[in-house]
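Asker: So I've got this file, query_15.csv, and it contains CSV, C-alpha atoms:
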```csv
chain,number,residue,atom,x,y,z
N,131,MET,CA,-13.3,9.2,-39.3
N,132,SER,CA,-16.4,7.3,-40.2
N,133,ASN,CA,-19.9,8.0,-38.9
N,134,PHE,CA,-20.8,8.3,-35.3
N,135,ASP,CA,-24.1,8.9,-33.5
N,136,GLN,CA,-22.9,10.8,-30.5
N,137,GLU,CA,-19.8,12.7,-29.5
N,138,LEU,CA,-18.1,12.8,-26.1
N,139,ASP,CA,-15.6,15.5,-25.4
N,140,ALA,CA,-13.3,14.2,-22.6
N,141,ARG,CA,-10.4,16.5,-23.4
N,142,GLY,CA,-8.7,17.9,-20.4
N,143,LEU,CA,-10.0,15.1,-18.2
N,144,ASN,CA,-7.7,12.5,-16.6
N,145,CYS,CA,-8.1,8.9,-15.5
N,146,PRO,CA,-10.6,7.6,-14.7
N,147,LEU,CA,-13.0,10.3,-16.0
N,148,PRO,CA,-12.8,9.5,-19.8
N,149,ILE,CA,-13.8,5.9,-19.1
N,150,LEU,CA,-16.5,6.8,-16.6
N,151,ARG,CA,-18.1,9.5,-18.8
N,152,ALA,CA,-18.0,7.1,-21.8
N,153,LYS,CA,-19.7,4.4,-19.8
N,154,LYS,CA,-22.4,6.8,-18.7
N,155,THR,CA,-23.0,8.1,-22.3
N,156,LEU,CA,-23.1,4.6,-23.7
N,157,THR,CA,-25.7,3.5,-21.2
N,158,GLY,CA,-28.0,6.1,-22.7
N,159,MET,CA,-27.4,4.8,-26.2
N,160,THR,CA,-29.0,2.0,-28.1
N,161,SER,CA,-27.2,-1.1,-29.3
N,162,GLY,CA,-25.4,-0.5,-32.7
N,163,GLU,CA,-24.9,3.2,-32.1
N,164,VAL,CA,-21.4,4.6,-32.3
N,165,LEU,CA,-19.9,7.0,-29.8
N,166,LYS,CA,-17.0,9.2,-30.7
N,167,ILE,CA,-14.7,10.1,-27.8
N,168,MET,CA,-12.0,12.8,-27.9
N,169,ALA,CA,-9.4,12.7,-25.1
N,170,THR,CA,-6.1,14.3,-24.2
N,171,ASP,CA,-5.1,11.8,-21.6
N,172,PRO,CA,-2.5,9.4,-23.1
N,173,GLY,CA,-3.5,6.7,-20.6
N,174,SER,CA,-6.9,6.7,-22.2
N,175,VAL,CA,-5.6,4.7,-25.2
N,176,LYS,CA,-4.9,1.6,-23.1
N,177,ASP,CA,-7.9,2.3,-20.9
N,178,PHE,CA,-10.4,2.3,-23.9
N,179,GLU,CA,-8.9,-1.0,-25.2
N,180,ALA,CA,-9.4,-2.6,-21.8
N,181,PHE,CA,-12.9,-1.1,-21.6
N,182,ALA,CA,-13.8,-2.6,-24.9
N,183,THR,CA,-12.5,-6.1,-23.9
N,184,GLN,CA,-14.0,-6.0,-20.4
N,185,THR,CA,-17.5,-4.7,-21.4
N,186,GLY,CA,-17.9,-6.3,-24.8
N,187,ASN,CA,-18.4,-3.1,-26.6
N,188,GLU,CA,-16.5,-2.8,-29.8
N,189,LEU,CA,-13.6,-0.4,-30.2
N,190,LEU,CA,-13.9,0.4,-34.0
N,191,ASP,CA,-11.1,2.9,-34.1
N,192,SER,CA,-8.4,4.4,-32.0
N,193,SER,CA,-6.2,7.2,-33.5
N,194,GLU,CA,-4.1,10.2,-32.6
N,195,VAL,CA,-5.1,13.5,-34.2
N,196,ASP,CA,-3.1,16.6,-33.6
N,197,GLY,CA,-2.0,15.5,-30.1
N,198,GLU,CA,-5.5,14.4,-29.2
N,199,PHE,CA,-6.8,10.8,-29.0
N,200,HIS,CA,-9.9,9.9,-30.9
N,201,PHE,CA,-11.9,6.7,-30.4
N,202,LEU,CA,-15.0,5.2,-32.0
N,203,MET,CA,-16.8,2.9,-29.6
N,204,LYS,CA,-19.7,0.8,-30.9
N,205,LYS,CA,-22.3,-0.2,-28.3
N,206,THR,CA,-22.9,-3.9,-28.8
N,207,LEU,CA,-24.8,-4.9,-25.7
V,1388,MET,CA,-16.4,-17.0,-6.9
V,1389,SER,CA,-16.4,-14.4,-9.7
V,1390,SER,CA,-13.3,-12.8,-11.0
V,1391,LYS,CA,-15.3,-9.7,-11.9
V,1392,ARG,CA,-16.0,-8.9,-8.3
V,1393,LEU,CA,-13.8,-6.5,-6.3
V,1394,THR,CA,-13.7,-5.6,-2.7
V,1395,ILE,CA,-11.6,-2.9,-1.2
V,1396,ILE,CA,-10.8,-2.3,2.5
V,1397,SER,CA,-10.2,1.4,2.9
V,1398,SER,CA,-8.4,2.2,6.2
V,1399,LYS,CA,-6.8,5.6,5.7
V,1400,GLY,CA,-8.4,9.0,5.9
V,1401,THR,CA,-6.1,11.5,4.3
V,1402,LEU,CA,-6.5,13.2,0.9
V,1403,ASP,CA,-3.7,11.2,-0.8
V,1404,TRP,CA,-5.1,7.9,0.4
V,1405,ALA,CA,-8.6,8.8,-0.6
V,1406,TYR,CA,-7.9,8.6,-4.3
V,1407,PRO,CA,-6.8,5.0,-4.8
V,1408,PRO,CA,-10.0,3.4,-3.4
V,1409,PHE,CA,-12.4,5.6,-5.2
V,1410,ILE,CA,-10.5,5.6,-8.5
V,1411,LEU,CA,-10.2,1.8,-8.5
V,1412,SER,CA,-13.8,1.3,-7.5
V,1413,SER,CA,-15.3,3.7,-10.1
V,1414,THR,CA,-13.1,2.3,-12.9
V,1415,ALA,CA,-13.9,-1.3,-11.9
V,1416,ALA,CA,-17.6,-0.4,-11.9
V,1417,ALA,CA,-17.2,1.1,-15.4
V,1418,LEU,CA,-15.6,-2.1,-16.5
V,1419,GLY,CA,-18.6,-4.1,-15.3
V,1420,TYR,CA,-17.2,-5.3,-11.9
V,1421,GLU,CA,-19.4,-5.7,-8.9
V,1422,VAL,CA,-17.7,-3.6,-6.2
V,1423,THR,CA,-17.9,-3.5,-2.4
V,1424,MET,CA,-15.9,-1.0,-0.4
V,1425,PHE,CA,-15.4,-1.5,3.3
V,1426,PHE,CA,-14.4,1.5,5.3
V,1427,THR,CA,-12.7,1.0,8.6
V,1428,PHE,CA,-10.7,3.1,11.0
V,1429,TYR,CA,-9.6,6.3,9.4
V,1430,GLY,CA,-11.2,5.2,6.1
V,1431,LEU,CA,-14.5,6.2,7.7
V,1432,GLN,CA,-13.5,9.8,7.1
V,1433,LEU,CA,-14.1,9.2,3.4
V,1434,LEU,CA,-17.8,8.5,4.2
V,1435,LYS,CA,-18.5,11.8,5.9
V,1436,LYS,CA,-21.0,14.1,4.4
V,1437,GLU,CA,-18.6,17.0,4.7
V,1438,LEU,CA,-15.3,15.9,3.4
V,1439,ASN,CA,-12.5,17.6,5.2
V,1440,LEU,CA,-9.5,15.6,4.0
V,1441,LYS,CA,-6.0,16.8,4.6
V,1442,VAL,CA,-2.6,15.6,3.4
V,1443,SER,CA,0.5,16.1,5.5
V,1444,PRO,CA,4.1,16.3,4.3
V,1445,LEU,CA,5.2,15.0,7.8
V,1446,GLY,CA,6.0,11.4,7.6
V,1447,ASN,CA,5.6,11.3,3.8
V,1448,PRO,CA,9.1,11.2,2.5
V,1449,GLY,CA,7.8,10.0,-0.9
V,1450,MET,CA,5.7,13.1,-1.4
V,1451,PRO,CA,6.7,15.2,-4.4
V,1452,MET,CA,7.2,18.8,-3.5
V,1453,PRO,CA,7.4,21.8,-5.9
V,1454,MET,CA,10.5,23.8,-6.7
V,1455,GLY,CA,12.8,20.8,-5.9
V,1456,MET,CA,12.0,21.2,-2.2
V,1457,ASN,CA,12.4,17.5,-1.7
V,1458,ASN,CA,16.2,18.0,-1.9
V,1459,TRP,CA,16.7,20.6,0.8
V,1460,PHE,CA,13.5,21.0,2.8
V,1461,PRO,CA,14.2,19.7,6.3
V,1462,VAL,CA,11.8,17.2,7.9
V,1463,LEU,CA,11.4,19.5,10.9
V,1464,GLY,CA,10.1,22.1,8.4
V,1465,THR,CA,7.0,19.9,7.8
V,1466,THR,CA,5.9,20.5,11.4
V,1467,ILE,CA,5.7,24.3,11.0
V,1468,PRO,CA,2.1,25.3,11.9
V,1469,GLY,CA,0.0,25.8,8.8
V,1470,MET,CA,2.2,23.5,6.7
V,1471,GLU,CA,-0.5,20.8,6.5
V,1472,THR,CA,-3.1,23.3,5.3
V,1473,ILE,CA,-0.7,24.8,2.7
V,1474,MET,CA,0.2,21.3,1.4
V,1475,THR,CA,-3.5,20.3,1.3
V,1476,THR,CA,-4.5,23.4,-0.6
V,1477,MET,CA,-1.6,22.9,-3.1
V,1478,MET,CA,-2.5,19.3,-3.6
V,1479,LYS,CA,-6.2,20.2,-4.3
V,1480,ASN,CA,-5.2,22.9,-6.7
V,1481,THR,CA,-2.8,20.6,-8.6
V,1482,VAL,CA,-5.5,17.9,-8.8
V,1483,LYS,CA,-8.0,20.4,-10.2
V,1484,SER,CA,-5.6,21.9,-12.8
V,1485,LYS,CA,-4.7,18.5,-14.1
V,1486,GLY,CA,-8.3,17.6,-14.8
V,1487,VAL,CA,-8.5,14.9,-12.2
V,1488,ALA,CA,-11.8,14.5,-10.4
V,1489,SER,CA,-12.2,15.6,-6.8
V,1490,VAL,CA,-12.8,13.0,-4.1
V,1491,GLU,CA,-16.5,14.1,-3.8
V,1492,GLU,CA,-17.0,13.6,-7.5
V,1493,LEU,CA,-15.4,10.2,-7.5
V,1494,ARG,CA,-17.4,9.1,-4.6
V,1495,ASP,CA,-20.6,10.3,-6.3
V,1496,LEU,CA,-19.7,8.4,-9.4
V,1497,CYS,CA,-19.2,5.3,-7.3
V,1498,LEU,CA,-22.6,5.6,-5.7
V,1499,GLU,CA,-24.1,6.2,-9.1
V,1500,ALA,CA,-22.5,3.0,-10.4
V,1501,ASP,CA,-24.0,1.0,-7.5
V,1502,VAL,CA,-20.8,0.5,-5.7
V,1503,ARG,CA,-21.7,-1.0,-2.3
V,1504,MET,CA,-20.1,1.0,0.6
V,1505,ILE,CA,-20.0,-0.4,4.1
V,1506,GLY,CA,-18.9,1.4,7.2
V,1507,CYS,CA,-17.2,-0.6,9.9
V,1508,GLN,CA,-19.6,-0.9,12.9
V,1509,MET,CA,-16.7,-1.4,15.4
V,1510,THR,CA,-14.8,1.7,14.3
V,1511,ILE,CA,-18.0,3.8,14.5
V,1512,ASP,CA,-18.6,2.7,18.0
V,1513,LEU,CA,-14.9,3.0,18.9
V,1514,PHE,CA,-14.6,6.7,17.9
V,1515,ASP,CA,-18.1,7.6,18.9
V,1516,MET,CA,-19.1,8.6,15.4
V,1517,ARG,CA,-22.7,9.3,14.5
V,1518,ARG,CA,-24.7,7.8,11.6
V,1519,GLU,CA,-25.9,11.3,10.7
V,1520,ASP,CA,-22.4,12.5,9.9
V,1521,PHE,CA,-22.1,9.9,7.1
V,1522,ILE,CA,-23.6,10.1,3.6
V,1523,ASP,CA,-26.7,8.3,2.7
V,1524,GLY,CA,-26.7,5.1,0.7
V,1525,ILE,CA,-24.2,3.2,2.9
V,1526,ASP,CA,-24.6,0.0,5.0
V,1527,ILE,CA,-23.0,-0.6,8.4
V,1528,GLY,CA,-21.4,-3.9,9.0
V,1529,GLY,CA,-18.6,-5.9,10.6
V,1530,ALA,CA,-15.7,-8.0,9.5
V,1531,ALA,CA,-18.0,-11.0,8.9
V,1532,THR,CA,-20.0,-8.9,6.4
V,1533,TYR,CA,-16.8,-8.0,4.7
V,1534,PHE,CA,-15.8,-11.6,4.3
V,1535,GLU,CA,-19.2,-12.5,2.9
V,1536,HIS,CA,-18.3,-10.3,-0.1
V,1537,ALA,CA,-14.6,-11.0,-0.1
V,1538,GLY,CA,-15.0,-14.7,-0.3
V,1539,GLU,CA,-16.9,-14.3,-3.6
V,1540,ALA,CA,-14.6,-11.8,-5.1
V,1541,GLY,CA,-11.6,-12.4,-7.4
V,1542,VAL,CA,-9.9,-9.2,-6.4
V,1543,ASN,CA,-9.5,-8.1,-2.8
V,1544,LEU,CA,-7.4,-5.0,-1.9
V,1545,PHE,CA,-6.3,-3.5,1.3
V,1546,ILE,CA,-5.6,0.2,1.2
```
Starting from the file, lay out its structure as structure tokens.
Answerer:
Amino acid sequence: MSNFDQELDARGLNCPLPILRAKKTLTGMTSGEVLKIMATDPGSVKDFEAFATQTGNELLDSSEVDGEFHFLMKKTL
Amino acid sequence: MSSKRLTIISSKGTLDWAYPPFILSSTAAALGYEVTMFFTFYGLQLLKKELNLKVSPLGNPGMPMPMGMNNWFPVLGTTIPGMETIMTTMMKNTVKSKGVASVEELRDLCLEADVRMIGCQMTIDLFDMRREDFIDGIDIGGAATYFEHAGEAGVNLFI
């Protein structure tokens, strides 16, 4: 996993909380910063893809690690 | 008309029907949609300061029950006094244990995300409801107000 500026632990949370928490955290970050999100909700994989497309933020990485889902979201706007 | 605008008419006031409107609204808001929720009839229960939402197994044949009860539990059993309270408590516990937000939390997230919430004037008058019973931060309006927003929205849902 490459560098990230902030980390969000969304494990144990189900839809729509991972997305909502991510949105809130990203709002407090500056453009260019990267947010690492960890989630256990399998639905979050598709959700974060949609989130990236819809909001214009860039999903740098999406992977499964030990049954958890890790994402790297770069704030672009 | 913008495709990234959503309106939802919320007409039901039970625990199971409270989730769809708030989940859809909060998610849409997170995705950058402009959201308006219009609460009418029993949907107004969702705007009360003190949420006291119930879910009843009576008349809900699609409701999953634990321990395979769906298969043998008679419909008449759902009318046993206390059944509604038991089912409501069980539902709330299941929601909590699965890491799903409570209705109050979802509603707060919506308000935080600037989701516009409108209470139906006619229903408030009809059921003699009081403005003080509802949360702050909501507007009161009629069907015409709803259409002002719906006409501009790409997604309009009736729940």
Asker: Within 9 Å of chain V, which residues of chain N are there when counting only C-alpha atoms? Please give them as a list in words.
Answerer: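 Selected residues: Arg141, Gly142, Leu143, Asn144, Cys145, Pro146, Leu147, Ile149, Leu150, Ala152, Lys153, Lys154, Ala180, Phe181, Ala182, Thr183, Gln184 and Thr185 of chain N.
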Asker: May I have the protein, DNA and RNA residues with any atom at most 9 Å from the point (-9.9, 3.0, -24.3), counting only C-alpha atoms, written as a ChimeraX atom specification?
Answerer: /N:148-149,173-182,189,192,201,203
Asker: Pick from V:Leu1438, V:Met1454, V:Val1542, V:Leu1445: nearest to Thr1466 in chain V, with only C-alpha atoms counted?
Answerer: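 Residue with the minimum atom-to-atom distance to Thr1466 in chain V: V:Leu1445.
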Asker: Which value, in Å to one decimal, gives the distance between CA of Gly1455 in chain V and CA of Leu1440 in chain V?
Answerer: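 Those two atoms sit 24.9 Å apart.
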Asker: Would you pick out the contacts of Asp135 in chain N at 6 Å or less, using all atoms listed in the file, so that residues sharing its chain but fewer than 3 positions from it are not included, and give the list as a VMD selection string?
Answerer: chain N and resid 163 to 165
Asker: Of the candidates V:Phe1428, V:Pro1453, V:Ile1395, V:Val1502, which shows the shortest atom-to-atom distance to Phe1514 in chain V, using all atoms listed in the file?
Answerer: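 Ranking V:Phe1428, V:Pro1453, V:Ile1395, V:Val1502 by distance to Phe1514 in chain V, first place goes to V:Phe1428.
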Asker: Do you have the CA of Lys204 in chain N-CA of Ser161 in chain N distance handy?
Answerer: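 Between CA of Lys204 in chain N and CA of Ser161 in chain N the gap is 7.9 Å.
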Asker: Counting only C-alpha atoms, what is within 9 Å of range 1505-1511 of chain V, bar same-chain residues fewer than 3 positions away, as a count of residues only?
Answerer: 23
Asker: Find the residue from V:Gly1469, V:Phe1545, V:Pro1444, V:Lys1436 that sits nearest to Glu1519 in chain V; use only C-alpha atoms when measuring.
Answerer: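 With only C-alpha atoms as the atom set, the closest residue is V:Lys1436.
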Asker: So, counting only C-alpha atoms, which residue among N:Phe199, N:Phe134, N:Pro172, N:Lys205 is closest to Gly186 in chain N?
Answerer: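 Smallest separation from Gly186 in chain N among the options: N:Lys205.
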Asker: Please report the interatomic distance between CA of Asp196 in chain N and CA of Met159 in chain N in Å with one decimal.
Answerer: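 Atom-to-atom, CA of Asp196 in chain N to CA of Met159 in chain N, that is 28.0 Å.
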Asker: Could you check the closest approach to Ile167 in chain N for each of N:Asn187, N:Gly197, N:Gln136, N:Thr206 and tell me which residue wins, using all atoms listed in the file?
Answerer: N:Gln136
Asker: Will you give me range 1395-1524 of chain V, written with C-alpha atoms and laid out as a PDB file, in the first residue's frame?
Answerer:
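Output contents, as saved in selection.pdb:
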```pdb
ATOM      1  CA  ILE V1395     -38.318  11.378  -2.046  1.00  0.00           C
ATOM      2  CA  ILE V1396     -41.899  11.303  -0.809  1.00  0.00           C
ATOM      3  CA  SER V1397     -41.944   9.449   2.471  1.00  0.00           C
ATOM      4  CA  SER V1398     -45.439   8.270   3.392  1.00  0.00           C
ATOM      5  CA  LYS V1399     -44.858   5.460   5.896  1.00  0.00           C
ATOM      6  CA  GLY V1400     -44.128   5.709   9.591  1.00  0.00           C
ATOM      7  CA  THR V1401     -42.841   2.328  10.709  1.00  0.00           C
ATOM      8  CA  LEU V1402     -39.267   1.304  11.530  1.00  0.00           C
ATOM      9  CA  ASP V1403     -38.843  -0.855   8.446  1.00  0.00           C
ATOM     10  CA  TRP V1404     -40.084   1.907   6.147  1.00  0.00           C
ATOM     11  CA  ALA V1405     -37.924   4.550   7.842  1.00  0.00           C
ATOM     12  CA  TYR V1406     -34.666   3.146   6.536  1.00  0.00           C
ATOM     13  CA  PRO V1407     -35.086   3.383   2.746  1.00  0.00           C
ATOM     14  CA  PRO V1408     -35.743   7.147   2.592  1.00  0.00           C
ATOM     15  CA  PHE V1409     -32.920   8.093   4.978  1.00  0.00           C
ATOM     16  CA  ILE V1410     -30.390   5.674   3.500  1.00  0.00           C
ATOM     17  CA  LEU V1411     -31.151   6.811  -0.038  1.00  0.00           C
ATOM     18  CA  SER V1412     -31.046  10.480   0.928  1.00  0.00           C
ATOM     19  CA  SER V1413     -27.822  10.300   2.914  1.00  0.00           C
ATOM     20  CA  THR V1414     -26.061   8.249   0.241  1.00  0.00           C
ATOM     21  CA  ALA V1415     -27.263  10.521  -2.551  1.00  0.00           C
ATOM     22  CA  ALA V1416     -26.061  13.539  -0.591  1.00  0.00           C
ATOM     23  CA  ALA V1417     -22.664  11.879  -0.137  1.00  0.00           C
ATOM     24  CA  LEU V1418     -22.534  11.380  -3.893  1.00  0.00           C
ATOM     25  CA  GLY V1419     -23.171  15.058  -4.513  1.00  0.00           C
ATOM     26  CA  TYR V1420     -26.909  15.008  -5.168  1.00  0.00           C
ATOM     27  CA  GLU V1421     -29.202  17.825  -4.091  1.00  0.00           C
ATOM     28  CA  VAL V1422     -31.871  16.049  -2.049  1.00  0.00           C
ATOM     29  CA  THR V1423     -35.392  17.042  -0.988  1.00  0.00           C
ATOM     30  CA  MET V1424     -37.503  14.803   1.237  1.00  0.00           C
ATOM     31  CA  PHE V1425     -41.228  15.353   1.508  1.00  0.00           C
ATOM     32  CA  PHE V1426     -42.901  13.724   4.503  1.00  0.00           C
ATOM     33  CA  THR V1427     -46.614  13.106   4.272  1.00  0.00           C
ATOM     34  CA  PHE V1428     -49.171  11.055   6.187  1.00  0.00           C
ATOM     35  CA  TYR V1429     -47.440   8.547   8.387  1.00  0.00           C
ATOM     36  CA  GLY V1430     -44.070   9.680   7.053  1.00  0.00           C
ATOM     37  CA  LEU V1431     -44.389  12.611   9.431  1.00  0.00           C
ATOM     38  CA  GLN V1432     -43.604  10.209  12.265  1.00  0.00           C
ATOM     39  CA  LEU V1433     -40.049  10.247  10.954  1.00  0.00           C
ATOM     40  CA  LEU V1434     -39.747  13.962  11.668  1.00  0.00           C
ATOM     41  CA  LYS V1435     -40.706  13.768  15.319  1.00  0.00           C
ATOM     42  CA  LYS V1436     -38.117  14.861  17.884  1.00  0.00           C
ATOM     43  CA  GLU V1437     -38.643  11.684  19.857  1.00  0.00           C
ATOM     44  CA  LEU V1438     -38.664   8.794  17.425  1.00  0.00           C
ATOM     45  CA  ASN V1439     -40.847   5.978  18.595  1.00  0.00           C
ATOM     46  CA  LEU V1440     -40.971   3.832  15.486  1.00  0.00           C
ATOM     47  CA  LYS V1441     -42.349   0.334  15.591  1.00  0.00           C
ATOM     48  CA  VAL V1442     -42.439  -2.567  13.201  1.00  0.00           C
ATOM     49  CA  SER V1443     -45.265  -5.062  13.185  1.00  0.00           C
ATOM     50  CA  PRO V1444     -45.169  -8.626  11.921  1.00  0.00           C
ATOM     51  CA  LEU V1445     -48.922  -8.411  11.297  1.00  0.00           C
ATOM     52  CA  GLY V1446     -49.579  -7.836   7.641  1.00  0.00           C
ATOM     53  CA  ASN V1447     -45.905  -8.205   6.790  1.00  0.00           C
ATOM     54  CA  PRO V1448     -45.686 -11.677   5.242  1.00  0.00           C
ATOM     55  CA  GLY V1449     -42.311 -10.826   3.717  1.00  0.00           C
ATOM     56  CA  MET V1450     -40.719 -10.121   7.070  1.00  0.00           C
ATOM     57  CA  PRO V1451     -37.908 -12.533   7.883  1.00  0.00           C
ATOM     58  CA  MET V1452     -38.281 -14.130  11.293  1.00  0.00           C
ATOM     59  CA  PRO V1453     -35.603 -15.867  13.334  1.00  0.00           C
ATOM     60  CA  MET V1454     -35.492 -19.606  13.991  1.00  0.00           C
ATOM     61  CA  GLY V1455     -37.394 -20.412  10.796  1.00  0.00           C
ATOM     62  CA  MET V1456     -40.569 -19.036  12.316  1.00  0.00           C
ATOM     63  CA  ASN V1457     -41.732 -17.922   8.875  1.00  0.00           C
ATOM     64  CA  ASN V1458     -42.571 -21.532   8.145  1.00  0.00           C
ATOM     65  CA  TRP V1459     -44.850 -22.363  11.008  1.00  0.00           C
ATOM     66  CA  PHE V1460     -45.800 -19.224  12.930  1.00  0.00           C
ATOM     67  CA  PRO V1461     -49.511 -18.567  12.337  1.00  0.00           C
ATOM     68  CA  VAL V1462     -50.651 -15.126  11.227  1.00  0.00           C
ATOM     69  CA  LEU V1463     -52.975 -15.010  14.213  1.00  0.00           C
ATOM     70  CA  GLY V1464     -49.887 -15.267  16.421  1.00  0.00           C
ATOM     71  CA  THR V1465     -48.743 -11.871  15.213  1.00  0.00           C
ATOM     72  CA  THR V1466     -51.719 -10.299  16.980  1.00  0.00           C
ATOM     73  CA  ILE V1467     -50.653 -11.523  20.422  1.00  0.00           C
ATOM     74  CA  PRO V1468     -50.315  -8.527  22.742  1.00  0.00           C
ATOM     75  CA  GLY V1469     -46.685  -7.495  23.027  1.00  0.00           C
ATOM     76  CA  MET V1470     -45.724  -9.068  19.698  1.00  0.00           C
ATOM     77  CA  GLU V1471     -45.142  -5.727  18.041  1.00  0.00           C
ATOM     78  CA  THR V1472     -42.906  -4.564  20.877  1.00  0.00           C
ATOM     79  CA  ILE V1473     -40.909  -7.799  20.818  1.00  0.00           C
ATOM     80  CA  MET V1474     -40.434  -7.615  17.056  1.00  0.00           C
ATOM     81  CA  THR V1475     -39.444  -3.947  17.217  1.00  0.00           C
ATOM     82  CA  THR V1476     -36.853  -4.627  19.915  1.00  0.00           C
ATOM     83  CA  MET V1477     -35.464  -7.589  17.971  1.00  0.00           C
ATOM     84  CA  MET V1478     -35.241  -5.530  14.801  1.00  0.00           C
ATOM     85  CA  LYS V1479     -33.403  -2.710  16.567  1.00  0.00           C
ATOM     86  CA  ASN V1480     -30.940  -5.153  18.137  1.00  0.00           C
ATOM     87  CA  THR V1481     -30.272  -6.829  14.795  1.00  0.00           C
ATOM     88  CA  VAL V1482     -29.654  -3.455  13.170  1.00  0.00           C
ATOM     89  CA  LYS V1483     -27.199  -2.489  15.896  1.00  0.00           C
ATOM     90  CA  SER V1484     -25.321  -5.790  15.854  1.00  0.00           C
ATOM     91  CA  LYS V1485     -24.824  -5.591  12.090  1.00  0.00           C
ATOM     92  CA  GLY V1486     -23.221  -2.180  12.225  1.00  0.00           C
ATOM     93  CA  VAL V1487     -26.102  -0.436  10.488  1.00  0.00           C
ATOM     94  CA  ALA V1488     -26.867   3.107  11.614  1.00  0.00           C
ATOM     95  CA  SER V1489     -29.945   3.901  13.672  1.00  0.00           C
ATOM     96  CA  VAL V1490     -32.703   5.987  12.117  1.00  0.00           C
ATOM     97  CA  GLU V1491     -31.778   8.927  14.346  1.00  0.00           C
ATOM     98  CA  GLU V1492     -28.165   8.763  13.185  1.00  0.00           C
ATOM     99  CA  LEU V1493     -29.156   8.568   9.520  1.00  0.00           C
ATOM    100  CA  ARG V1494     -31.535  11.468   9.938  1.00  0.00           C
ATOM    101  CA  ASP V1495     -28.781  13.570  11.566  1.00  0.00           C
ATOM    102  CA  LEU V1496     -26.398  12.691   8.746  1.00  0.00           C
ATOM    103  CA  CYS V1497     -29.009  13.855   6.241  1.00  0.00           C
ATOM    104  CA  LEU V1498     -29.487  17.173   8.009  1.00  0.00           C
ATOM    105  CA  GLU V1499     -25.712  17.607   8.228  1.00  0.00           C
ATOM    106  CA  ALA V1500     -25.509  17.026   4.485  1.00  0.00           C
ATOM    107  CA  ASP V1501     -28.070  19.790   3.877  1.00  0.00           C
ATOM    108  CA  VAL V1502     -30.848  17.457   2.778  1.00  0.00           C
ATOM    109  CA  ARG V1503     -34.000  19.561   2.559  1.00  0.00           C
ATOM    110  CA  MET V1504     -36.828  18.082   4.643  1.00  0.00           C
ATOM    111  CA  ILE V1505     -40.396  19.259   4.150  1.00  0.00           C
ATOM    112  CA  GLY V1506     -43.383  18.284   6.297  1.00  0.00           C
ATOM    113  CA  CYS V1507     -46.762  18.109   4.607  1.00  0.00           C
ATOM    114  CA  GLN V1508     -48.938  20.988   5.828  1.00  0.00           C
ATOM    115  CA  MET V1509     -52.173  19.162   5.098  1.00  0.00           C
ATOM    116  CA  THR V1510     -51.270  16.069   7.069  1.00  0.00           C
ATOM    117  CA  ILE V1511     -50.121  18.144  10.026  1.00  0.00           C
ATOM    118  CA  ASP V1512     -53.484  19.878  10.071  1.00  0.00           C
ATOM    119  CA  LEU V1513     -55.352  16.638   9.446  1.00  0.00           C
ATOM    120  CA  PHE V1514     -53.899  14.803  12.414  1.00  0.00           C
ATOM    121  CA  ASP V1515     -53.683  17.877  14.646  1.00  0.00           C
ATOM    122  CA  MET V1516     -49.935  17.569  14.940  1.00  0.00           C
ATOM    123  CA  ARG V1517     -47.882  20.324  16.524  1.00  0.00           C
ATOM    124  CA  ARG V1518     -44.846  22.084  15.072  1.00  0.00           C
ATOM    125  CA  GLU V1519     -43.038  21.701  18.434  1.00  0.00           C
ATOM    126  CA  ASP V1520     -43.144  17.905  18.164  1.00  0.00           C
ATOM    127  CA  PHE V1521     -40.969  17.982  15.071  1.00  0.00           C
ATOM    128  CA  ILE V1522     -37.223  18.442  14.808  1.00  0.00           C
ATOM    129  CA  ASP V1523     -35.740  21.805  13.893  1.00  0.00           C
ATOM    130  CA  GLY V1524     -34.397  22.528  10.477  1.00  0.00           C
TER     131      GLY V1524
END
```
